[in-house]
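What follows is a short report on a single structure.
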Amino acid sequence: MLREKNTALGNRNKIATKPDSMLSSVGKYTSQAFLIIRERNNNMKKSVNLNNKTILVTGSPGFIGANLVTRLLQTLASGTVVSLDNMNDYYEVSLKEWRLEQINTVAVKSPVKHVFIKGSIGDKTLVDQLFQQYHFDIVVNLAAQAGVRYSIDHPDVYIESNIIGFYNLLEACRHNPVEHLVYASSSSVYGGNKKVPFSTDDKVDNPVSLYAATKKSDELLAHAYSKLYNIPSTGLRFFTVYGPAGRPDMFYYNATKRLAAGQKIQIFNYGDMKRDFTYIDDIVEGIIRVMQGAPEKANGSDGLPIPPYAVYNIGGGQPENLLDYISILQEELVHAGVLPADYDFEGHRELVGMQAGDVPLTYADSEALERDYGFTPKIGIREGLRAFAEWYKNYYGT
């Protein structure tokens, strides 16, 4: 039986070491459970109290969705959280089932009701039924077909989930008004942008992958629906999210599995890459703060809505060299006992060229997030990778 982690919003000071822990509670936050949104630089925000609300989180029990739902169940005093996911086999379903088991364990002791529904946001009939049944106050769309490289060989699933699925949610919000729609975008929209750090004010009209194109399309669709139907919406461009119980297709996770099996890992662009890695607790903290501050509704001089629309980066703003990241990962895998102390790392590295659809650098400018919500990701890669390595050791028993 999985045990509940007793962590609360604003009290997250210990690294999780229990075998059954998913959230790793790395770093310290000082935010109150329900922050008061401040008006700065004319960026109007309406404060949204999450208590006693019905919240839809799509993409749970996916990686980010599962951590978000768990946190909501641990910190809210009332309300209902509905998880929606199709549990596809893009990666091992057993990991999603494990995350769902953790959610259910936390839900048993939570004053918040949790409902899991297996289904796809691409199913318009299902989406409409859920909105009519639950009358959602807040929607957080994290459901998406992820992965830059996978989109090259499997384009259909990206259109179904990332375009049609998001359209279905927008239509549902149009006919069943919500206080706030928060949705996942991606740092991939910046493509090969040479200007750093990446700002939400930058032009992002030249995607280098279908995945990136679908995420930019989501932002455009959200803007149109915000303008036409006065739907408060906020997009979040995530930068390389990692942590315990993450996505096995992500580099750090896949590399760990290969190293543990005695296989070589491929390091792309001959290691000349930098990534703005963002630990999962920072991502969840950012989402929860944004959920509580919706773009304010207002009309222009023509009497029509000024789009209550915003987009933010969530990234640490400290890009790490890929080779340094790998070295720290290897050190923490040894520290956790996943790999032996005398492991031949150099013998298991293979430097290869760049992959199609990939970019050499990601670098977030999160100034707007700090300005409007008082938050900047803080958790360093050694802390985060240590938590992942300990979780991996406990989960796989290697």
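Naming scheme: A, B, ... for chains in displayed order of the structure tokens; residues 1 onward per chain; ligands 1 onward as shown.
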
For region 240-342 of chain A against region 140-148 of chain A, with a cut-off of 9 Å and counting only C-alpha atoms, what is the closest atom pair and its distance in Å to one decimal for every residue that makes the cut, ordered by chain and number, as CSV?
```
residue,atom,partner,partner_atom,distance
A:Asp249,CA,A:Gly147,CA,7.8
A:Met250,CA,A:Gly147,CA,8.3
A:Ile287,CA,A:Val140,CA,8.7
A:Met291,CA,A:Val140,CA,8.1
```

(request) Go through region 91-316 of chain A and collect every residue that DSSP, computed from the backbone, puts in strand (DSSP E or B); the answer should be as a VMD selection string. (result) chain A and resid 113 to 118 138 to 141 180 to 186 198 233 to 238 241 to 242 265 to 267 274 to 275 278 to 279 293 to 295 298 to 299 305 to 306 309 to 314

Please produce, as a tab-separated table, a per-residue contact table for region 89-176 of chain A versus region 62-79 of chain A (criterion: any atom at most 6 Å away, only C-alpha atoms considered), showing the nearest atom pair and its distance in Å to one decimal, sorted by chain then residue number.
```
residue	atom	partner	partner_atom	distance
A:Ile103	CA	A:Thr70	CA	5.5
A:Ser110	CA	A:Leu73	CA	5.7
A:Pro111	CA	A:Ser78	CA	5.6
A:Val112	CA	A:Ser78	CA	4.9
```

(message) Please return, as a count of residues only, all residues of region 224-377 of chain A that DSSP assigns to helix (DSSP H, G or I) on the basis of the backbone.
(response) 57

(request) Could you check which of A:Leu322, A:Leu333, A:Ile267, A:Ala310 is closest to Ser226 (chain A), using only C-alpha atoms? (result) A:Ala310

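Nearest to Val241 (chain A) of all the residues A:Ala222, A:Leu126, A:Ala341, A:Ile379 is A:Ile379, based on only C-alpha atoms.
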
(message) Need the shell around region 173-182 of chain A: protein/DNA/RNA residues with any atom at most 6 Å away, counting only C-alpha atoms. Skip same-chain ones fewer than 2 positions apart. Format as a list of chain:residue names?
(response) A:Asp137, A:Ile138, A:Val139, A:Val140, A:Leu170, A:Glu171, A:Pro232, A:Ser233, A:Thr234, A:Gly235, A:Ala294

Any chance you could export the current selection's N, CA and C atoms as a short mmCIF file (atom, residue, chain, number, x, y, z; two decimals), in the first residue's frame?
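Once written, result-v8.cif looks like this:
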```cif
data_model
loop_
_atom_site.label_atom_id
_atom_site.label_comp_id
_atom_site.auth_asym_id
_atom_site.auth_seq_id
_atom_site.Cartn_x
_atom_site.Cartn_y
_atom_site.Cartn_z
N ASP A 137 -15.29 24.64 -12.76
CA ASP A 137 -14.93 26.03 -12.50
C ASP A 137 -13.57 26.37 -13.11
N ILE A 138 -12.65 25.40 -13.03
CA ILE A 138 -11.29 25.60 -13.51
C ILE A 138 -10.89 24.38 -14.33
N VAL A 139 -10.23 24.62 -15.45
CA VAL A 139 -9.75 23.53 -16.30
C VAL A 139 -8.25 23.69 -16.48
N VAL A 140 -7.51 22.60 -16.23
CA VAL A 140 -6.07 22.58 -16.48
C VAL A 140 -5.81 21.48 -17.50
N LEU A 170 -11.86 23.85 -25.69
CA LEU A 170 -12.23 25.25 -25.90
C LEU A 170 -13.72 25.40 -26.19
N GLU A 171 -14.24 24.52 -27.01
CA GLU A 171 -15.67 24.56 -27.30
C GLU A 171 -16.49 24.31 -26.04
N PRO A 232 -11.15 33.36 -19.93
CA PRO A 232 -9.83 33.63 -19.35
C PRO A 232 -8.91 32.42 -19.54
N SER A 233 -7.81 32.60 -20.25
CA SER A 233 -6.93 31.47 -20.53
C SER A 233 -5.47 31.87 -20.33
N THR A 234 -4.71 30.92 -19.82
CA THR A 234 -3.28 31.13 -19.61
C THR A 234 -2.51 29.92 -20.11
N GLY A 235 -1.57 30.14 -21.03
CA GLY A 235 -0.71 29.08 -21.53
C GLY A 235 0.62 29.09 -20.80
N ALA A 294 -6.37 34.56 -12.74
CA ALA A 294 -6.86 34.52 -14.12
C ALA A 294 -6.78 35.90 -14.76
#
```

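Here CA of Ala184 (chain A) stands at a distance of 26.3 Å from CA of Thr256 (chain A).
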
(message) Calculated over only C-alpha atoms, which of the candidates A:Leu304, A:Thr362, A:Glu367, A:Phe388 has the smallest distance to His335 (chain A)?
(response) A:Phe388

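One finds CA of Ser185 (chain A) at 9.5 Å from CA of Ser217 (chain A).
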
(request) Can you work out which one of A:Phe136, A:Trp98, A:Phe116, A:Tyr167 has the shortest atom-to-atom distance to Gly59 (chain A), counting only C-alpha atoms? (result) A:Phe116
